[in-house]
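Text of target06.pdb (PDB, C-alpha atoms and all ligand atoms) as supplied:
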```pdb
ATOM      1  CA  MET A1318     174.111 -12.939  76.120
ATOM      2  CA  THR A1319     174.258 -15.432  78.911
ATOM      3  CA  VAL A1320     177.197 -17.272  80.435
ATOM      4  CA  GLU A1321     176.847 -20.901  81.376
ATOM      5  CA  TYR A1322     179.175 -22.278  84.038
ATOM      6  CA  ILE A1323     179.564 -26.032  84.441
ATOM      7  CA  ARG A1324     181.692 -27.199  87.361
ATOM      8  CA  TYR A1325     183.111 -30.699  87.301
ATOM      9  CA  ARG A1326     184.980 -32.785  89.845
ATOM     10  CA  ILE A1327     186.820 -35.529  87.978
ATOM     11  CA  SER A1328     187.907 -38.502  90.006
ATOM     12  CA  GLY A1329     190.506 -40.440  88.072
ATOM     13  CA  ASP A1330     191.752 -39.839  84.562
ATOM     14  CA  THR A1331     191.687 -36.077  83.988
ATOM     15  CA  GLU A1332     193.630 -36.380  80.726
ATOM     16  CA  SER A1333     190.790 -38.385  79.138
ATOM     17  CA  PHE A1334     188.328 -35.753  80.380
ATOM     18  CA  GLU A1335     190.293 -32.955  78.715
ATOM     19  CA  GLN A1336     190.607 -34.975  75.505
ATOM     20  CA  ALA A1337     186.846 -35.649  75.509
ATOM     21  CA  TYR A1338     186.191 -31.918  75.836
ATOM     22  CA  ALA A1339     188.699 -31.108  73.095
ATOM     23  CA  ARG A1340     186.608 -33.351  70.796
ATOM     24  CA  ALA A1341     183.280 -31.958  72.093
ATOM     25  CA  ALA A1342     184.540 -28.415  71.543
ATOM     26  CA  ARG A1343     184.496 -28.966  67.776
ATOM     27  CA  PHE A1344     180.686 -28.971  67.989
ATOM     28  CA  LEU A1345     180.672 -25.757  70.072
ATOM     29  CA  ALA A1346     182.957 -24.115  67.514
ATOM     30  CA  ARG A1347     180.368 -24.787  64.794
ATOM     31  CA  ALA A1348     177.343 -23.645  66.837
ATOM     32  CA  PRO A1349     175.992 -20.207  65.807
ATOM     33  CA  GLN A1350     174.473 -19.907  69.333
ATOM     34  CA  CYS A1351     177.920 -20.170  70.964
ATOM     35  CA  VAL A1352     179.959 -16.951  71.343
ATOM     36  CA  ASP A1353     182.995 -18.551  72.998
ATOM     37  CA  TYR A1354     184.009 -21.268  75.456
ATOM     38  CA  GLU A1355     186.874 -22.091  77.798
ATOM     39  CA  LEU A1356     187.662 -25.063  80.008
ATOM     40  CA  SER A1357     189.814 -24.185  83.040
ATOM     41  CA  ARG A1358     191.427 -26.503  85.559
ATOM     42  CA  CYS A1359     191.757 -25.568  89.219
ATOM     43  CA  ALA A1360     195.408 -24.897  90.142
ATOM     44  CA  GLU A1361     194.915 -25.696  93.834
ATOM     45  CA  GLU A1362     192.691 -28.737  93.290
ATOM     46  CA  PRO A1363     193.502 -30.342  89.923
ATOM     47  CA  SER A1364     190.429 -32.596  89.958
ATOM     48  CA  ALA A1365     188.172 -29.501  89.735
ATOM     49  CA  TYR A1366     187.290 -27.957  86.350
ATOM     50  CA  VAL A1367     185.055 -25.089  85.245
ATOM     51  CA  LEU A1368     183.682 -24.901  81.716
ATOM     52  CA  ARG A1369     182.484 -21.445  80.716
ATOM     53  CA  ILE A1370     180.324 -21.133  77.621
ATOM     54  CA  THR A1371     178.972 -17.774  76.456
ATOM     55  CA  TRP A1372     175.697 -18.244  74.576
ATOM     56  CA  THR A1373     173.868 -15.640  72.526
ATOM     57  CA  SER A1374     170.930 -16.230  74.957
ATOM     58  CA  ALA A1375     169.686 -18.920  77.346
ATOM     59  CA  ASP A1376     166.877 -19.707  74.888
ATOM     60  CA  ASP A1377     169.348 -20.044  72.017
ATOM     61  CA  HIS A1378     171.295 -22.523  74.149
ATOM     62  CA  LEU A1379     168.357 -24.533  75.457
ATOM     63  CA  LYS A1380     166.206 -24.539  72.307
ATOM     64  CA  GLY A1381     168.630 -23.727  69.491
ATOM     65  CA  PHE A1382     171.743 -25.698  70.426
ATOM     66  CA  ARG A1383     170.132 -28.502  72.456
ATOM     67  CA  GLY A1384     167.410 -28.930  69.861
ATOM     68  CA  GLY A1385     169.785 -28.740  66.908
ATOM     69  CA  ASP A1386     171.910 -31.085  64.820
ATOM     70  CA  LEU A1387     175.169 -30.499  66.706
ATOM     71  CA  PHE A1388     173.997 -31.453  70.176
ATOM     72  CA  PRO A1389     173.985 -35.265  69.768
ATOM     73  CA  GLY A1390     177.648 -35.250  68.682
ATOM     74  CA  PHE A1391     178.607 -32.901  71.520
ATOM     75  CA  LEU A1392     176.780 -34.990  74.117
ATOM     76  CA  ALA A1393     178.252 -38.254  72.841
ATOM     77  CA  GLU A1394     181.749 -37.012  73.675
ATOM     78  CA  ILE A1395     181.058 -35.911  77.258
ATOM     79  CA  ARG A1396     178.142 -38.127  78.315
ATOM     80  CA  GLY A1397     180.425 -40.174  80.561
ATOM     81  CA  TYR A1398     181.133 -37.127  82.751
ATOM     82  CA  ILE A1399     177.546 -36.029  83.520
ATOM     83  CA  GLU A1400     177.718 -37.641  86.968
ATOM     84  CA  ALA A1401     180.790 -35.505  87.740
ATOM     85  CA  ILE A1402     178.866 -32.203  87.316
ATOM     86  CA  GLU A1403     178.569 -30.155  90.531
ATOM     87  CA  GLU A1404     176.906 -27.065  89.068
ATOM     88  CA  MET A1405     175.416 -26.237  85.671
ATOM     89  CA  ARG A1406     173.696 -22.827  85.515
ATOM     90  CA  HIS A1407     173.286 -19.725  83.386
ATOM     91  CA  TYR A1408     174.546 -16.361  84.662
ATOM     92  CA  GLU A1409     173.611 -12.937  83.270
ATOM     93  CA  PRO A1410     176.660 -10.633  82.896
ATOM     94  CA  THR A1411     176.470  -7.402  84.933
ATOM     95  CA  SER A1412     177.917  -4.004  84.020
ATOM     96  CA  VAL A1413     180.979  -4.756  86.185
ATOM     97  CA  ARG A1414     183.461  -5.769  83.559
ATOM     98  CA  GLY A1415     186.594  -4.394  81.985
ATOM     99  CA  ALA A1416     190.230  -5.026  81.176
ATOM    100  CA  GLY A1417     193.227  -4.678  83.467
ATOM    101  CA  ALA A1418     196.481  -2.942  82.681
ATOM    102  CA  ALA A1419     198.483  -5.983  81.564
ATOM    103  CA  VAL A1420     198.367  -4.639  78.006
ATOM    104  CA  PRO A1421     199.001  -0.862  77.657
ATOM    105  CA  THR A1422     196.238   1.270  76.201
ATOM    106  CA  LEU A1423     196.688   2.797  72.753
ATOM    107  CA  TYR A1424     196.622   6.148  74.580
ATOM    108  CA  ASP A1425     199.649   5.276  76.746
ATOM    109  CA  TRP A1426     201.461   3.573  73.877
ATOM    110  CA  GLY A1427     200.856   6.619  71.692
ATOM    111  CA  GLY A1428     202.415   8.947  74.284
ATOM    112  CA  GLY A1429     199.419  10.206  76.292
ATOM    113  CA  ALA A1430     197.696  13.592  76.251
ATOM    114  CA  GLU A1431     200.710  15.562  75.110
ATOM    115  CA  ALA A1432     201.279  13.336  72.063
ATOM    116  CA  PHE A1433     197.638  13.501  70.953
ATOM    117  CA  GLU A1434     197.643  17.294  71.347
ATOM    118  CA  ARG A1435     200.792  17.559  69.209
ATOM    119  CA  LEU A1436     199.074  15.339  66.663
ATOM    120  CA  THR A1437     195.899  17.404  66.353
ATOM    121  CA  GLU A1438     197.796  20.732  66.340
ATOM    122  CA  ARG A1439     199.779  19.539  63.341
ATOM    123  CA  PHE A1440     196.726  17.945  61.725
ATOM    124  CA  TYR A1441     194.609  21.106  61.769
ATOM    125  CA  GLU A1442     197.512  23.172  60.403
ATOM    126  CA  LYS A1443     197.315  20.871  57.396
ATOM    127  CA  VAL A1444     193.503  20.859  57.354
ATOM    128  CA  VAL A1445     193.052  24.630  57.162
ATOM    129  CA  ALA A1446     195.590  24.820  54.339
ATOM    130  CA  ASP A1447     193.840  22.070  52.378
ATOM    131  CA  ASP A1448     191.728  23.037  49.354
ATOM    132  CA  LEU A1449     189.275  20.117  49.690
ATOM    133  CA  ILE A1450     188.473  20.098  53.428
ATOM    134  CA  GLY A1451     189.849  23.454  54.607
ATOM    135  CA  PRO A1452     186.595  25.313  53.811
ATOM    136  CA  LEU A1453     184.625  22.978  56.152
ATOM    137  CA  PHE A1454     186.766  24.206  59.047
ATOM    138  CA  ALA A1455     186.774  27.909  58.146
ATOM    139  CA  HIS A1456     184.918  28.865  61.354
ATOM    140  CA  MET A1457     186.490  26.382  63.706
ATOM    141  CA  ASP A1458     187.164  27.334  67.309
ATOM    142  CA  SER A1459     190.874  27.866  68.059
ATOM    143  CA  ALA A1460     190.522  25.204  70.783
ATOM    144  CA  HIS A1461     189.185  22.661  68.259
ATOM    145  CA  PRO A1462     192.497  20.736  67.958
ATOM    146  CA  ARG A1463     192.610  20.332  71.749
ATOM    147  CA  PHE A1464     188.987  19.132  71.861
ATOM    148  CA  VAL A1465     189.617  16.538  69.176
ATOM    149  CA  ALA A1466     192.774  15.431  71.052
ATOM    150  CA  MET A1467     190.588  14.950  74.148
ATOM    151  CA  TRP A1468     188.135  12.879  72.108
ATOM    152  CA  LEU A1469     190.878  10.712  70.605
ATOM    153  CA  GLY A1470     192.532  10.299  74.009
ATOM    154  CA  GLU A1471     189.278   9.053  75.515
ATOM    155  CA  VAL A1472     188.620   6.679  72.611
ATOM    156  CA  PHE A1473     192.107   5.190  72.882
ATOM    157  CA  GLY A1474     191.816   4.421  76.589
ATOM    158  CA  GLY A1475     192.876   7.705  78.235
ATOM    159  CA  PRO A1476     190.860   9.745  80.744
ATOM    160  CA  ALA A1477     187.198  10.457  79.889
ATOM    161  CA  ARG A1478     187.880  14.165  79.440
ATOM    162  CA  TYR A1479     185.741  14.704  76.361
ATOM    163  CA  THR A1480     182.757  13.185  78.165
ATOM    164  CA  GLU A1481     183.350  15.097  81.384
ATOM    165  CA  GLU A1482     184.390  18.482  79.986
ATOM    166  CA  ARG A1483     182.824  18.669  76.534
ATOM    167  CA  GLY A1484     179.561  16.720  76.466
ATOM    168  CA  GLY A1485     180.659  13.348  75.090
ATOM    169  CA  TYR A1486     179.246  11.610  72.040
ATOM    170  CA  ALA A1487     176.178  13.858  71.701
ATOM    171  CA  HIS A1488     178.335  16.978  71.452
ATOM    172  CA  MET A1489     180.736  15.452  68.932
ATOM    173  CA  LEU A1490     177.805  14.217  66.834
ATOM    174  CA  GLY A1491     176.202  17.666  66.831
ATOM    175  CA  HIS A1492     179.281  19.088  65.097
ATOM    176  CA  HIS A1493     178.914  16.701  62.158
ATOM    177  CA  LEU A1494     175.142  16.809  61.585
ATOM    178  CA  GLY A1495     174.180  18.401  58.268
ATOM    179  CA  LYS A1496     177.813  18.890  57.114
ATOM    180  CA  ALA A1497     177.234  16.584  54.082
ATOM    181  CA  ILE A1498     180.823  15.274  54.180
ATOM    182  CA  THR A1499     181.765  13.554  50.915
ATOM    183  CA  GLU A1500     183.870  10.422  50.439
ATOM    184  CA  PRO A1501     186.802  12.368  48.919
ATOM    185  CA  GLN A1502     186.709  14.710  51.923
ATOM    186  CA  ARG A1503     186.692  11.757  54.308
ATOM    187  CA  ARG A1504     189.709  10.227  52.545
ATOM    188  CA  ARG A1505     191.588  13.515  52.710
ATOM    189  CA  TRP A1506     190.807  13.838  56.458
ATOM    190  CA  VAL A1507     192.214  10.355  57.104
ATOM    191  CA  SER A1508     195.207  10.938  54.889
ATOM    192  CA  LEU A1509     196.134  14.265  56.528
ATOM    193  CA  LEU A1510     195.826  12.735  59.991
ATOM    194  CA  ALA A1511     198.115   9.859  58.962
ATOM    195  CA  ASP A1512     200.614  12.418  57.603
ATOM    196  CA  ALA A1513     200.383  14.393  60.860
ATOM    197  CA  ALA A1514     201.049  11.200  62.846
ATOM    198  CA  ASP A1515     204.307  10.781  60.887
ATOM    199  CA  ASP A1516     205.220  14.450  61.262
ATOM    200  CA  VAL A1517     204.899  14.428  65.061
ATOM    201  CA  GLY A1518     206.501  11.003  65.510
ATOM    202  CA  LEU A1519     203.568   8.983  66.809
ATOM    203  CA  PRO A1520     204.706   5.346  67.217
ATOM    204  CA  ASP A1521     204.902   3.719  63.796
ATOM    205  CA  ASP A1522     204.962   0.078  64.824
ATOM    206  CA  PRO A1523     202.501  -2.046  62.825
ATOM    207  CA  GLU A1524     200.373  -2.864  65.873
ATOM    208  CA  PHE A1525     199.787   0.748  66.913
ATOM    209  CA  ARG A1526     199.318   2.143  63.443
ATOM    210  CA  SER A1527     196.894  -0.565  62.314
ATOM    211  CA  ALA A1528     194.697  -0.054  65.401
ATOM    212  CA  PHE A1529     194.943   3.729  65.036
ATOM    213  CA  MET A1530     194.020   3.660  61.354
ATOM    214  CA  GLY A1531     191.260   1.116  62.039
ATOM    215  CA  TYR A1532     189.565   3.601  64.330
ATOM    216  CA  LEU A1533     189.983   6.450  61.836
ATOM    217  CA  GLU A1534     188.466   4.367  59.063
ATOM    218  CA  TRP A1535     185.506   3.416  61.264
ATOM    219  CA  GLY A1536     184.978   6.862  62.769
ATOM    220  CA  THR A1537     185.199   8.779  59.512
ATOM    221  CA  ARG A1538     182.741   6.462  57.777
ATOM    222  CA  LEU A1539     180.292   7.126  60.607
ATOM    223  CA  ALA A1540     180.994  10.865  60.366
ATOM    224  CA  VAL A1541     180.130  10.791  56.648
ATOM    225  CA  ALA A1542     176.909   8.826  57.198
ATOM    226  CA  ASN A1543     175.819  10.984  60.150
ATOM    227  CA  SER A1544     176.540  14.224  58.299
ATOM    228  CA  GLN A1545     174.217  13.535  55.346
ATOM    229  CA  PRO A1546     171.045  15.613  55.037
ATOM    230  CA  GLY A1547     168.167  13.749  56.673
ATOM    231  CA  ALA A1548     170.420  11.322  58.614
ATOM    232  CA  THR A1549     168.959  10.295  61.980
ATOM    233  CA  PRO A1550     171.841   8.770  63.984
ATOM    234  CA  PRO A1551     171.234   7.895  67.662
ATOM    235  CA  GLY A1552     171.448  11.118  69.691
ATOM    236  CA  GLN A1553     173.059   9.416  72.663
ATOM    237  CA  ALA A1554     175.676   6.674  72.625
ATOM    238  CA  PRO A1555     178.788   5.804  74.617
ATOM    239  CA  VAL A1556     182.158   7.113  73.440
ATOM    240  CA  PRO A1557     183.729   4.068  71.747
ATOM    241  CA  HIS A1558     186.743   2.495  73.423
ATOM    242  CA  TRP A1559     189.185   1.298  70.811
ATOM    243  CA  GLY A1560     191.679  -1.479  71.566
ATOM    244  CA  TRP A1561     194.458  -3.338  69.827
ATOM    245  CA  GLY A1562     192.146  -5.777  68.019
ATOM    246  CA  VAL A1563     193.809  -9.025  67.042
ATOM    247  CA  ALA A1564     197.393  -7.715  67.249
ATOM    248  CA  PRO A1565     198.370  -6.298  70.659
ATOM    249  CA  PRO A1566     202.067  -5.483  71.173
ATOM    250  CA  TYR A1567     204.203  -8.600  71.589
ATOM    251  CA  LEU A1568     205.273  -8.580  75.234
ATOM    252  CA  GLY A1569     207.255 -11.800  75.216
TER     253      GLY A1569
HETATM  254  C1  LIG B   1     187.293   9.535  63.357
HETATM  255  C2  LIG B   1     186.694  10.553  62.736
HETATM  256  C3  LIG B   1     186.353  11.861  63.379
HETATM  257  C4  LIG B   1     186.448  12.238  64.681
HETATM  258  C5  LIG B   1     186.941  11.441  65.871
HETATM  259  C6  LIG B   1     185.998  13.600  64.741
HETATM  260  C7  LIG B   1     185.929  14.319  65.910
HETATM  261  C8  LIG B   1     185.343  15.565  66.017
HETATM  262  C9  LIG B   1     185.057  16.248  67.250
HETATM  263  C10 LIG B   1     185.356  15.668  68.639
HETATM  264  C11 LIG B   1     184.474  17.417  66.948
HETATM  265  C12 LIG B   1     183.946  18.449  67.943
HETATM  266  C13 LIG B   1     185.038  19.204  68.659
HETATM  267  C14 LIG B   1     184.463  20.084  69.760
HETATM  268  O1  LIG B   1     184.110  19.560  70.817
HETATM  269  O2  LIG B   1     184.353  21.310  69.517
HETATM  270  C15 LIG B   1     184.419  17.512  65.515
HETATM  271  C16 LIG B   1     183.921  18.576  64.801
HETATM  272  C17 LIG B   1     183.978  18.688  63.436
HETATM  273  N1  LIG B   1     184.360  17.699  62.556
HETATM  274 FE1  LIG B   1     184.965  15.869  63.013
HETATM  275  N2  LIG B   1     185.668  14.034  63.482
HETATM  276  C18 LIG B   1     185.867  12.997  62.620
HETATM  277  C19 LIG B   1     185.689  13.002  61.259
HETATM  278  C20 LIG B   1     185.441  14.144  60.530
HETATM  279  C21 LIG B   1     185.498  14.239  59.089
HETATM  280  C22 LIG B   1     185.843  13.071  58.155
HETATM  281  C23 LIG B   1     185.215  15.527  58.775
HETATM  282  C24 LIG B   1     185.165  16.187  57.436
HETATM  283  C25 LIG B   1     185.958  15.851  56.444
HETATM  284  C26 LIG B   1     184.933  16.215  60.018
HETATM  285  C27 LIG B   1     184.563  17.546  60.114
HETATM  286  C28 LIG B   1     184.290  18.207  61.283
HETATM  287  C29 LIG B   1     183.857  19.584  61.342
HETATM  288  C30 LIG B   1     183.670  20.499  60.150
HETATM  289  C31 LIG B   1     183.661  19.892  62.700
HETATM  290  C32 LIG B   1     183.207  21.228  63.261
HETATM  291  C33 LIG B   1     184.405  22.189  63.294
HETATM  292  C34 LIG B   1     184.018  23.545  63.861
HETATM  293  O3  LIG B   1     184.037  23.700  65.118
HETATM  294  O4  LIG B   1     183.678  24.417  63.074
HETATM  295  N3  LIG B   1     185.093  15.358  61.052
HETATM  296  N4  LIG B   1     184.954  16.375  64.984
END
```
Could I get this structure in the form of structure tokens?
Ligand code: HEM
Amino acid sequence: MTVEYIRYRISGDTESFEQAYARAARFLARAPQCVDYELSRCAEEPSAYVLRITWTSADDHLKGFRGGDLFPGFLAEIRGYIEAIEEMRHYEPTSVRGAGAAVPTLYDWGGGAEAFERLTERFYEKVVADDLIGPLFAHMDSAHPRFVAMWLGEVFGGPARYTEERGGYAHMLGHHLGKAITEPQRRRWVSLLADAADDVGLPDDPEFRSAFMGYLEWGTRLAVANSQPGATPPGQAPVPHWGWGVAPPYLG
């Protein structure tokens, strides 16, 4: 991915400039090389604008988009502003990136470490009593519920305790390899965890529960695939960080 920044200084009619870009943006929206775009206006100096376009790669932009069918229509809309460009360059994103705390993490919303520990305690009480998946956990460590709470906490935006104290993704993966988990077992696992979430009073608002269940659906499908005989999943990978998706809590 590459990020293109185009800085403009518009002398005169800024409204026409914004309207021209609103029309040009229709071509960006249809371009498979374009990840996203945003035109921002300077608050301190309203004649200054920055257009940010994320492209799948610089080559995709320069050869794919510029050489493709959409470019002539795009250019026709904004040709009159080429003289007003002060900078037009590609930037490679660095590893310094992240989200602030304006939106709470699922971990905080869910109630933090204590809530996830209550959840897994209750969950594994149900698991060991279950005829379909109980036998898989017959030899589980008594600290297992706490370890899984640490994993879930880290995934949902809490401290990286599973990585720091337990070995991260590679360790979690090692526990699933060769277990040959079946689809009915996966479903039961998800269903018992959802029941446990109700039992211990995890938030039941639609936003939290849909994000929570989304992760469980994703994670359990991976667990099934990785547990099959002969599966060769990547041995090292980052612990996923799950967010709210398209429906964060409505904060007014
Ligand atoms: C989102 C899905 C899942 C997550 C996040 C998850 C998480 C984990 C973690 C973190 C461990 C290792 C705990 C430790 O450090 O000791 C573990 C072990 C294990 N998991 Fe999962 N798991 C998932 C799905 C499943 C499913 C669907 C099954 C089977 C139905 C399963 C069966 C097991 C078993 C049998 C172990 C080893 C237990 C033992 O210590 O004997 N997991 N899981």
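In this structure, CA of Arg1326 (chain A) sits 20.1 Å away from CA of Tyr1408 (chain A).
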Practice item. Record the distance separating CA of Gly1427 (chain A) and CA of Tyr1441 (chain A), expressed in Å with one decimal. Key: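 Result for CA of Gly1427 (chain A) versus CA of Tyr1441 (chain A): 18.6 Å, one decimal.
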Check your understanding: Given a cut-off of 8 Å, what residues near ligand LIG 1 (chain B) show up using only C-alpha atoms and all ligand atoms, put as a PyMOL selection string?
Key -> chain A and resi 1450+1453-1458+1460-1462+1464-1469+1479+1483-1484+1488-1493+1496+1498-1499+1502-1507+1532-1541
Practice item. Determine the residue set returned by the PyMOL selection byres (((chain A and resi 1348) around 10) and not hetatm) for the present structure, and present it as a PyMOL selection string. Key: chain A and resi 1342-1347+1349-1353+1372+1378+1381-1382+1385-1388
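The smallest atom-to-atom distance between Pro1363 (chain A) and any of A:Glu1481, A:Glu1332, A:Asp1377, A:Glu1431, using only C-alpha atoms, is found for A:Glu1332.
Checking A:Pro1476, A:Asn1543, A:Arg1526, A:Ala1548 one by one against Pro1566 (chain A), counting only C-alpha atoms, you find the shortest gap at A:Arg1526.
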